[in-house]
Amino acid sequence: MGLTIGVDIGGTKIAAGVVDEEGNILSTHKVPTPGTPEAIVDAIASAVEGARAGHEIVGVGIGAAGYVNRQRSEVYFAPNIDWRNEPLKAKVEARVGLPVVVENDANAAAWGEYKFGAGKGHRNVICITLGTGLGGGIIIGNKLRRGHYGVAAEFGHIRMVPDGLLCGCGSQGCWEQYASGRALVRYAKQRANATPENAEILLGLGDGTPDGIEGKHISMAARQGDPVAVDSYRELARWAGAGLADLASLFDPSAFIVGGGLSDEGELVLDPIRKSYKRWLVGGNWRPVAEVIAAQLGNKAGLVGAADLAREPDPIM
């Protein structure tokens, strides 16, 4: 099918990259993310034009954080951009003169990992992204499963705790309130406040107070054996693994791929997630247990996945 462009819409920048059929990024162009919906459309077009210079491009795939319709053309709702029933495909096509498909960003990242990263060789994988929030994607039988309306795999908003913590989505007890970067920082602050004597390394990396703790401090302190930092990762992993056990009951994949910023910590987070997953998996001592593996593409997964999804009229079911 030739070269396509993938677009990743981030909070501070929009990145576009030319990607070949093997998942290699040949060129990129980045522009700042503007503050208004219409300006974002213009910025996407600018990034695409910058990346395509010197290349023959056959299509564009856009990864957008939000609910995307089944036709991969319209964003029903985006939490961080004022898009409501936004006809993004039509608007970008009018500006760049190329066929465009729109995909949820977590789905795009999941597809990228499945095709070109940690999921190679698997037919049935579930991807979760542990970042500021929690997202994911479903690949069953080599197909990206998006549901009837296109908005499946919003794993972060599965209700894990009835009447639990308030989520930004408006519900309570969502999984991402217990297994995400925000949750990790909350655990660390609570524990450091309760037992500061067990958080000396962690507190020393910030301003000396629990309120000054940031995610990067927790990682650094945990690697130095700080008890509060280590325990905070264990708490996050307990919730993450319990959620994977529930997903195993639903989908029975051969592997779970864990991506997002927290996966960069490697075995610090993956090992306790595996233990929690096995602990909560129904029949875990007698049934085959899916692998829990780290994503390989890092922050390139969404761009590469979006570009690849633009190659076929509809590789999704």
# chains A, B, ... in the order shown; residues from 1 in each chain; ligands from 1
$ closest_atom_pairs --of "region 40-89 of chain A" --to "region 281-302 of chain A" --cutoff "12 Å" --atoms "only C-alpha atoms" --output "JSON lines"
{"residue": "A:Gly61", "atom": "CA", "partner": "A:Gly302", "partner_atom": "CA", "distance": 9.9}
{"residue": "A:Ile62", "atom": "CA", "partner": "A:Gly302", "partner_atom": "CA", "distance": 8.9}
{"residue": "A:Gly63", "atom": "CA", "partner": "A:Gly302", "partner_atom": "CA", "distance": 6.5}
{"residue": "A:Ala64", "atom": "CA", "partner": "A:Gly302", "partner_atom": "CA", "distance": 9.4}
{"residue": "A:Ala65", "atom": "CA", "partner": "A:Gly302", "partner_atom": "CA", "distance": 10.6}
$ write_last_selection --atoms "N, CA and C atoms" --output "tab-separated table (two decimals), in the first residue's frame"
chain	number	residue	atom	x	y	z
A	61	GLY	N	-3.36	8.46	9.21
A	61	GLY	CA	-4.09	7.94	10.37
A	61	GLY	C	-3.86	8.86	11.55
A	62	ILE	N	-4.92	9.24	12.24
A	62	ILE	CA	-4.83	10.16	13.37
A	62	ILE	C	-5.24	9.44	14.65
A	63	GLY	N	-4.38	9.47	15.65
A	63	GLY	CA	-4.71	8.93	16.97
A	63	GLY	C	-5.21	10.05	17.87
A	64	ALA	N	-6.45	9.96	18.30
A	64	ALA	CA	-7.07	11.02	19.10
A	64	ALA	C	-7.55	10.44	20.43
A	65	ALA	N	-7.29	11.15	21.51
A	65	ALA	CA	-7.76	10.72	22.83
A	65	ALA	C	-9.24	11.05	22.95
$ select_by_dssp --residues "region 90-312 of chain A" --states "alpha helix (DSSP H)" --output "number ranges by chain"
A: 90-96, 105-116, 181-194, 200-205, 215-223, 227-251, 267-280, 301-309
$ atom_distance --atom1 "CA of Gly259 (chain A)" --atom2 "CA of Pro99 (chain A)"
28.8 Å
$ residues_around --residues "Arg123 (chain A)" --least-positions-apart "3" --cutoff "10 Å" --atoms "only C-alpha atoms" --output "list in words"
Tyr114, Gly119, Lys120, Ile139, Ile140, Gly141, Asn142, Lys143, Pro253, Ser254 and Ala255 of chain A
$ closest_residue --among "A:Gly131, A:Gly170, A:Gly164, A:Gly11" --to "Val185 (chain A)" --atoms "only C-alpha atoms"
A:Gly131
$ atom_distance --atom1 "CA of Ala188 (chain A)" --atom2 "CA of Ala222 (chain A)"
10.7 Å
$ closest_residue --among "A:Val18, A:Lys115, A:Ile40, A:Thr28" --to "Asn80 (chain A)" --atoms "only C-alpha atoms"
A:Ile40
$ select_by_dssp --residues "region 63-292 of chain A" --states "strand (DSSP E)" --output "JSON, numbers by chain"
{"A": [63, 64, 67, 68, 75, 76, 77, 84, 85, 86, 100, 101, 102, 103, 104, 125, 126, 127, 128, 129, 130, 134, 135, 136, 137, 138, 139, 140, 143, 144, 255, 256, 257, 258, 259, 291, 292]}
$ write_last_selection --atoms "N, CA, C and O atoms" --output "compact mmCIF listing (two decimals), in the first residue's frame"
# COMPACT_ATOMS: atom_id res chain seq x y z
N GLY A 63 -4.38 9.47 15.65
CA GLY A 63 -4.71 8.93 16.97
C GLY A 63 -5.21 10.05 17.87
O GLY A 63 -4.47 11.00 18.15
N ALA A 64 -6.45 9.96 18.30
CA ALA A 64 -7.07 11.02 19.10
C ALA A 64 -7.55 10.44 20.43
O ALA A 64 -8.16 9.37 20.46
N TYR A 67 -13.59 9.25 22.23
CA TYR A 67 -14.47 8.24 21.67
C TYR A 67 -14.63 8.51 20.18
O TYR A 67 -15.11 9.56 19.78
N VAL A 68 -14.22 7.55 19.36
CA VAL A 68 -14.25 7.69 17.91
C VAL A 68 -15.32 6.75 17.35
O VAL A 68 -15.43 5.59 17.77
N VAL A 75 -15.11 12.21 16.05
CA VAL A 75 -14.84 12.07 17.48
C VAL A 75 -16.12 12.43 18.22
O VAL A 75 -16.55 13.58 18.23
N TYR A 76 -16.73 11.42 18.84
CA TYR A 76 -17.95 11.68 19.61
C TYR A 76 -17.67 12.66 20.75
O TYR A 76 -18.42 13.61 20.98
N PHE A 77 -16.58 12.38 21.47
CA PHE A 77 -16.28 13.13 22.68
C PHE A 77 -14.79 12.99 22.98
O PHE A 77 -14.22 11.90 22.87
N ARG A 84 -16.98 17.67 20.26
CA ARG A 84 -18.24 16.98 20.48
C ARG A 84 -18.84 16.70 19.11
O ARG A 84 -19.19 17.62 18.38
N ASN A 85 -18.92 15.42 18.75
CA ASN A 85 -19.36 15.02 17.40
C ASN A 85 -18.56 15.77 16.33
O ASN A 85 -19.12 16.30 15.36
N GLU A 86 -17.24 15.77 16.51
CA GLU A 86 -16.34 16.51 15.63
C GLU A 86 -16.04 15.70 14.37
O GLU A 86 -15.50 14.58 14.43
N VAL A 100 -8.06 10.05 5.05
CA VAL A 100 -7.76 10.12 6.48
C VAL A 100 -8.65 9.15 7.24
O VAL A 100 -9.84 9.01 6.91
N VAL A 101 -8.07 8.46 8.23
CA VAL A 101 -8.87 7.70 9.19
C VAL A 101 -8.53 8.22 10.58
O VAL A 101 -7.40 8.65 10.84
N VAL A 102 -9.52 8.20 11.45
CA VAL A 102 -9.34 8.65 12.83
C VAL A 102 -9.50 7.45 13.75
O VAL A 102 -10.40 6.63 13.56
N GLU A 103 -8.61 7.33 14.72
CA GLU A 103 -8.65 6.20 15.64
C GLU A 103 -8.40 6.68 17.06
O GLU A 103 -7.70 7.67 17.28
N ASN A 104 -9.00 6.01 18.02
CA ASN A 104 -8.66 6.27 19.41
C ASN A 104 -7.17 6.05 19.62
O ASN A 104 -6.59 5.09 19.11
N VAL A 125 -4.22 -10.54 21.96
CA VAL A 125 -3.53 -9.78 23.01
C VAL A 125 -4.43 -8.66 23.51
O VAL A 125 -5.29 -8.14 22.78
N ILE A 126 -4.25 -8.33 24.76
CA ILE A 126 -4.90 -7.17 25.37
C ILE A 126 -3.79 -6.21 25.77
O ILE A 126 -2.83 -6.61 26.44
N CYS A 127 -3.92 -4.97 25.34
CA CYS A 127 -2.93 -3.95 25.69
C CYS A 127 -3.54 -2.99 26.70
O CYS A 127 -4.71 -2.61 26.58
N ILE A 128 -2.75 -2.62 27.71
CA ILE A 128 -3.17 -1.55 28.60
C ILE A 128 -2.05 -0.51 28.64
O ILE A 128 -0.87 -0.85 28.54
N THR A 129 -2.42 0.74 28.74
CA THR A 129 -1.45 1.81 28.85
C THR A 129 -1.59 2.43 30.24
O THR A 129 -2.63 2.95 30.61
N LEU A 130 -0.52 2.30 31.02
CA LEU A 130 -0.48 2.87 32.36
C LEU A 130 0.29 4.19 32.28
O LEU A 130 1.52 4.21 32.29
N LEU A 134 -5.51 5.44 32.37
CA LEU A 134 -5.37 4.04 31.97
C LEU A 134 -6.23 3.81 30.74
O LEU A 134 -7.44 4.07 30.76
N GLY A 135 -5.60 3.36 29.67
CA GLY A 135 -6.31 3.06 28.43
C GLY A 135 -5.99 1.66 27.97
O GLY A 135 -5.33 0.90 28.67
N GLY A 136 -6.44 1.33 26.75
CA GLY A 136 -6.13 -0.01 26.28
C GLY A 136 -6.68 -0.30 24.90
O GLY A 136 -7.27 0.56 24.25
N GLY A 137 -6.44 -1.52 24.46
CA GLY A 137 -6.91 -1.98 23.16
C GLY A 137 -7.07 -3.48 23.17
O GLY A 137 -6.41 -4.19 23.93
N ILE A 138 -7.94 -3.97 22.31
CA ILE A 138 -8.28 -5.39 22.23
C ILE A 138 -7.94 -5.91 20.83
O ILE A 138 -8.49 -5.40 19.84
N ILE A 139 -7.06 -6.89 20.74
CA ILE A 139 -6.79 -7.56 19.46
C ILE A 139 -7.13 -9.03 19.66
O ILE A 139 -6.48 -9.73 20.45
N ILE A 140 -8.17 -9.49 18.99
CA ILE A 140 -8.60 -10.89 19.06
C ILE A 140 -8.69 -11.42 17.64
O ILE A 140 -9.33 -10.82 16.77
N LYS A 143 -7.53 -9.09 14.81
CA LYS A 143 -8.35 -7.93 14.49
C LYS A 143 -8.43 -7.00 15.70
O LYS A 143 -8.51 -7.46 16.84
N LEU A 144 -8.41 -5.70 15.43
CA LEU A 144 -8.63 -4.71 16.47
C LEU A 144 -10.13 -4.61 16.71
O LEU A 144 -10.88 -4.21 15.83
N ALA A 255 -1.42 -12.94 25.79
CA ALA A 255 -0.50 -12.00 26.41
C ALA A 255 -1.20 -10.69 26.73
O ALA A 255 -2.12 -10.27 26.03
N PHE A 256 -0.76 -10.09 27.83
CA PHE A 256 -1.09 -8.71 28.15
C PHE A 256 0.15 -7.87 27.88
O PHE A 256 1.23 -8.20 28.38
N ILE A 257 -0.01 -6.82 27.11
CA ILE A 257 1.09 -5.89 26.84
C ILE A 257 0.86 -4.64 27.67
O ILE A 257 -0.19 -4.00 27.55
N VAL A 258 1.81 -4.30 28.50
CA VAL A 258 1.70 -3.15 29.37
C VAL A 258 2.56 -2.02 28.82
O VAL A 258 3.79 -2.14 28.74
N GLY A 259 1.90 -0.94 28.40
CA GLY A 259 2.61 0.22 27.87
C GLY A 259 2.33 1.45 28.71
O GLY A 259 1.88 1.36 29.86
N GLU A 291 0.98 -14.33 29.38
CA GLU A 291 2.18 -13.55 29.68
C GLU A 291 1.79 -12.10 29.99
O GLU A 291 0.81 -11.58 29.45
N VAL A 292 2.57 -11.47 30.84
CA VAL A 292 2.45 -10.03 31.07
C VAL A 292 3.79 -9.43 30.67
O VAL A 292 4.80 -9.65 31.34
$ residues_around --residues "Glu49 (chain A)" --least-positions-apart "2" --cutoff "10 Å" --atoms "only C-alpha atoms" --output "list in words"
Ile5, Ala16, His29, Ala43, Ile44, Ala45, Ser46, Ala47, Ala51, Arg52, Ala53, Arg95 and Val96 of chain A
$ write_last_selection --atoms "all heavy atoms" --output "tab-separated table (two decimals), in the first residue's frame"
chain	number	residue	atom	x	y	z
A	5	ILE	N	1.10	8.32	6.82
A	5	ILE	CA	1.51	9.22	7.90
A	5	ILE	C	0.63	8.93	9.12
A	5	ILE	O	-0.59	8.84	9.01
A	5	ILE	CB	1.36	10.69	7.48
A	5	ILE	CG1	2.44	11.05	6.46
A	5	ILE	CG2	1.47	11.63	8.70
A	5	ILE	CD1	2.34	12.46	5.93
A	16	ALA	N	3.66	14.17	13.64
A	16	ALA	CA	3.30	13.41	12.45
A	16	ALA	C	4.55	12.71	11.94
A	16	ALA	O	5.65	13.28	11.97
A	16	ALA	CB	2.72	14.33	11.36
A	29	HIS	N	7.59	15.34	11.87
A	29	HIS	CA	7.44	16.80	11.99
A	29	HIS	C	6.52	17.07	13.18
A	29	HIS	O	5.48	16.43	13.32
A	29	HIS	CB	6.84	17.41	10.72
A	29	HIS	CG	6.87	18.90	10.71
A	29	HIS	ND1	8.01	19.63	10.44
A	29	HIS	CD2	5.89	19.82	10.96
A	29	HIS	CE1	7.74	20.92	10.50
A	29	HIS	NE2	6.46	21.06	10.82
A	43	ALA	N	-3.27	22.65	12.98
A	43	ALA	CA	-1.95	22.17	13.41
A	43	ALA	C	-1.71	20.75	12.90
A	43	ALA	O	-0.58	20.41	12.51
A	43	ALA	CB	-1.85	22.22	14.93
A	44	ILE	N	-2.75	19.91	12.91
A	44	ILE	CA	-2.60	18.56	12.35
A	44	ILE	C	-2.21	18.64	10.88
A	44	ILE	O	-1.29	17.95	10.43
A	44	ILE	CB	-3.92	17.77	12.52
A	44	ILE	CG1	-4.19	17.47	13.99
A	44	ILE	CG2	-3.86	16.46	11.72
A	44	ILE	CD1	-5.58	16.90	14.25
A	45	ALA	N	-2.89	19.49	10.14
A	45	ALA	CA	-2.58	19.65	8.72
A	45	ALA	C	-1.15	20.14	8.53
A	45	ALA	O	-0.44	19.66	7.64
A	45	ALA	CB	-3.57	20.62	8.09
A	46	SER	N	-0.72	21.07	9.37
A	46	SER	CA	0.65	21.59	9.27
A	46	SER	C	1.68	20.50	9.55
A	46	SER	O	2.70	20.39	8.85
A	46	SER	CB	0.83	22.74	10.26
A	46	SER	OG	2.16	23.21	10.26
A	47	ALA	N	1.42	19.67	10.57
A	47	ALA	CA	2.34	18.58	10.89
A	47	ALA	C	2.41	17.56	9.76
A	47	ALA	O	3.49	17.07	9.41
A	47	ALA	CB	1.91	17.91	12.19
A	51	ALA	N	5.75	16.60	7.50
A	51	ALA	CA	6.31	15.25	7.46
A	51	ALA	C	6.33	14.67	6.05
A	51	ALA	O	7.24	13.90	5.71
A	51	ALA	CB	5.49	14.33	8.38
A	52	ARG	N	5.35	15.03	5.22
A	52	ARG	CA	5.22	14.38	3.92
A	52	ARG	C	6.20	14.90	2.87
A	52	ARG	O	6.33	14.30	1.79
A	52	ARG	CB	3.80	14.53	3.39
A	52	ARG	CG	3.47	15.92	2.87
A	52	ARG	CD	2.00	16.11	2.55
A	52	ARG	NE	1.56	15.37	1.38
A	52	ARG	CZ	0.36	15.53	0.81
A	52	ARG	NH1	-0.52	16.39	1.33
A	52	ARG	NH2	0.02	14.84	-0.26
A	53	ALA	N	6.88	15.98	3.15
A	53	ALA	CA	7.79	16.58	2.17
A	53	ALA	C	8.79	15.54	1.64
A	53	ALA	O	9.50	14.89	2.42
A	53	ALA	CB	8.54	17.75	2.80
A	95	ARG	N	-8.00	19.71	4.14
A	95	ARG	CA	-6.78	20.51	4.24
A	95	ARG	C	-5.56	19.84	3.62
A	95	ARG	O	-4.67	20.51	3.11
A	95	ARG	CB	-6.50	20.85	5.71
A	95	ARG	CG	-7.45	21.92	6.28
A	95	ARG	CD	-7.37	21.94	7.79
A	95	ARG	NE	-8.06	23.09	8.38
A	95	ARG	CZ	-9.37	23.17	8.52
A	95	ARG	NH1	-10.15	22.18	8.09
A	95	ARG	NH2	-9.92	24.24	9.08
A	96	VAL	N	-5.50	18.50	3.68
A	96	VAL	CA	-4.28	17.83	3.21
A	96	VAL	C	-4.47	17.10	1.89
A	96	VAL	O	-3.49	16.67	1.27
A	96	VAL	CB	-3.74	16.85	4.28
A	96	VAL	CG1	-3.47	17.58	5.59
A	96	VAL	CG2	-4.69	15.68	4.50
$ closest_residue --among "A:Leu98, A:Cys167, A:Arg70, A:Ala90" --to "Tyr149 (chain A)" --atoms "only C-alpha atoms"
A:Arg70
$ residues_around --residues "region 230-245 of chain A" --least-positions-apart "2" --cutoff "8 Å" --atoms "only C-alpha atoms" --output "mmCIF file with N, CA and C atoms, in the first residue's frame"
data_model
loop_
_atom_site.group_PDB
_atom_site.id
_atom_site.type_symbol
_atom_site.label_atom_id
_atom_site.label_comp_id
_atom_site.auth_asym_id
_atom_site.auth_seq_id
_atom_site.Cartn_x
_atom_site.Cartn_y
_atom_site.Cartn_z
ATOM 1 N N MET A 160 -14.082 -0.441 39.413
ATOM 2 C CA MET A 160 -13.450 -1.438 40.267
ATOM 3 C C MET A 160 -13.966 -1.377 41.702
ATOM 4 N N TRP A 175 -11.189 2.138 37.376
ATOM 5 C CA TRP A 175 -9.907 1.439 37.494
ATOM 6 C C TRP A 175 -8.731 2.409 37.466
ATOM 7 N N TYR A 178 -7.085 3.863 40.531
ATOM 8 C CA TYR A 178 -6.313 2.976 41.402
ATOM 9 C C TYR A 178 -5.065 2.415 40.715
ATOM 10 N N ALA A 179 -5.011 2.487 39.400
ATOM 11 C CA ALA A 179 -3.857 1.965 38.653
ATOM 12 C C ALA A 179 -3.512 2.941 37.542
ATOM 13 N N SER A 180 -2.719 3.951 37.882
ATOM 14 C CA SER A 180 -2.296 4.968 36.911
ATOM 15 C C SER A 180 -1.202 5.801 37.542
ATOM 16 N N ALA A 183 -2.597 7.777 40.398
ATOM 17 C CA ALA A 183 -2.806 6.947 41.578
ATOM 18 C C ALA A 183 -1.485 6.707 42.304
ATOM 19 N N LEU A 184 -0.422 6.447 41.565
ATOM 20 C CA LEU A 184 0.883 6.204 42.179
ATOM 21 C C LEU A 184 1.326 7.396 43.018
ATOM 22 N N TYR A 187 -0.731 7.533 46.210
ATOM 23 C CA TYR A 187 -0.300 6.550 47.194
ATOM 24 C C TYR A 187 0.954 7.031 47.922
ATOM 25 N N ALA A 188 1.907 7.543 47.159
ATOM 26 C CA ALA A 188 3.169 7.966 47.757
ATOM 27 C C ALA A 188 2.968 9.140 48.718
ATOM 28 N N ARG A 191 1.300 7.861 51.971
ATOM 29 C CA ARG A 191 2.199 7.075 52.807
ATOM 30 C C ARG A 191 3.305 7.925 53.408
ATOM 31 N N ALA A 221 13.377 6.961 43.921
ATOM 32 C CA ALA A 221 13.459 6.505 45.306
ATOM 33 C C ALA A 221 13.258 4.998 45.415
ATOM 34 N N ALA A 222 12.343 4.456 44.618
ATOM 35 C CA ALA A 222 12.097 3.016 44.661
ATOM 36 C C ALA A 222 13.341 2.239 44.260
ATOM 37 N N GLY A 225 15.522 1.784 47.090
ATOM 38 C CA GLY A 225 14.989 1.012 48.188
ATOM 39 C C GLY A 225 14.146 1.763 49.190
ATOM 40 N N ASP A 226 13.704 2.965 48.854
ATOM 41 C CA ASP A 226 12.867 3.733 49.765
ATOM 42 C C ASP A 226 11.584 2.944 50.049
ATOM 43 N N PRO A 227 11.281 2.655 51.325
ATOM 44 C CA PRO A 227 10.122 1.798 51.632
ATOM 45 C C PRO A 227 8.794 2.349 51.135
ATOM 46 N N VAL A 228 8.563 3.629 51.291
ATOM 47 C CA VAL A 228 7.294 4.201 50.851
ATOM 48 C C VAL A 228 7.165 4.132 49.330
ATOM 49 N N LEU A 247 -9.920 -9.007 33.083
ATOM 50 C CA LEU A 247 -9.886 -8.991 31.619
ATOM 51 C C LEU A 247 -9.586 -10.374 31.058
ATOM 52 N N ALA A 248 -8.788 -11.168 31.785
ATOM 53 C CA ALA A 248 -8.513 -12.537 31.335
ATOM 54 C C ALA A 248 -9.788 -13.366 31.324
ATOM 55 N N SER A 249 -10.663 -13.131 32.292
ATOM 56 C CA SER A 249 -11.933 -13.857 32.313
ATOM 57 C C SER A 249 -12.822 -13.479 31.135
ATOM 58 N N PHE A 256 -0.764 -10.088 27.825
ATOM 59 C CA PHE A 256 -1.095 -8.709 28.149
ATOM 60 C C PHE A 256 0.151 -7.868 27.881
ATOM 61 N N LEU A 268 10.392 -3.288 37.895
ATOM 62 C CA LEU A 268 9.944 -2.620 39.114
ATOM 63 C C LEU A 268 8.433 -2.612 39.209
ATOM 64 N N VAL A 269 7.768 -2.467 38.080
ATOM 65 C CA VAL A 269 6.304 -2.476 38.073
ATOM 66 C C VAL A 269 5.747 -3.782 37.508
ATOM 67 N N LEU A 270 6.421 -4.396 36.540
ATOM 68 C CA LEU A 270 5.879 -5.588 35.890
ATOM 69 C C LEU A 270 5.866 -6.810 36.798
ATOM 70 N N PRO A 272 5.589 -7.131 40.196
ATOM 71 C CA PRO A 272 4.437 -7.180 41.112
ATOM 72 C C PRO A 272 3.087 -7.235 40.401
ATOM 73 N N ILE A 273 2.985 -6.689 39.185
ATOM 74 C CA ILE A 273 1.735 -6.830 38.435
ATOM 75 C C ILE A 273 1.491 -8.299 38.111
ATOM 76 N N ARG A 274 2.535 -9.022 37.674
ATOM 77 C CA ARG A 274 2.373 -10.441 37.371
ATOM 78 C C ARG A 274 1.918 -11.216 38.606
ATOM 79 N N LYS A 275 2.513 -10.915 39.737
ATOM 80 C CA LYS A 275 2.146 -11.638 40.964
ATOM 81 C C LYS A 275 0.704 -11.359 41.357
ATOM 82 N N SER A 276 0.276 -10.111 41.239
ATOM 83 C CA SER A 276 -1.106 -9.775 41.561
ATOM 84 C C SER A 276 -2.068 -10.423 40.571
ATOM 85 N N TYR A 277 -1.710 -10.388 39.302
ATOM 86 C CA TYR A 277 -2.547 -11.011 38.273
ATOM 87 C C TYR A 277 -2.755 -12.491 38.578
ATOM 88 N N LYS A 278 -1.677 -13.189 38.871
ATOM 89 C CA LYS A 278 -1.780 -14.626 39.178
ATOM 90 C C LYS A 278 -2.579 -14.849 40.462
ATOM 91 N N ARG A 279 -2.420 -13.945 41.413
ATOM 92 C CA ARG A 279 -3.146 -14.078 42.688
ATOM 93 C C ARG A 279 -4.658 -14.010 42.475
ATOM 94 N N TRP A 280 -5.116 -13.117 41.575
ATOM 95 C CA TRP A 280 -6.550 -12.887 41.417
ATOM 96 C C TRP A 280 -7.167 -13.637 40.242
ATOM 97 N N LEU A 281 -6.344 -14.329 39.449
ATOM 98 C CA LEU A 281 -6.858 -15.049 38.292
ATOM 99 C C LEU A 281 -7.624 -16.288 38.746
ATOM 100 N N VAL A 282 -8.885 -16.370 38.346
ATOM 101 C CA VAL A 282 -9.708 -17.519 38.739
ATOM 102 C C VAL A 282 -9.126 -18.795 38.142
#
$ residues_around --residues "Gly2 (chain A)" --least-positions-apart "6" --cutoff "9 Å" --atoms "only C-alpha atoms" --output "list in words"
Val19, Asp20, Glu21, Glu56, Ile57, Val58, Gly59 and Arg311 of chain A
$ closest_residue --among "A:Leu303, A:Ala106, A:Leu166, A:Ala152" --to "Gly23 (chain A)" --atoms "only C-alpha atoms"
A:Leu303
$ atom_distance --atom1 "CA of Gly305 (chain A)" --atom2 "CA of Val60 (chain A)"
11.1 Å
$ closest_residue --among "A:His148, A:Arg159, A:Arg182, A:Lys30" --to "Asp246 (chain A)" --atoms "only C-alpha atoms"
A:Arg159
$ closest_residue --among "A:Gln224, A:Val151, A:Trp111, A:Leu88" --to "Ala199 (chain A)" --atoms "only C-alpha atoms"
A:Gln224
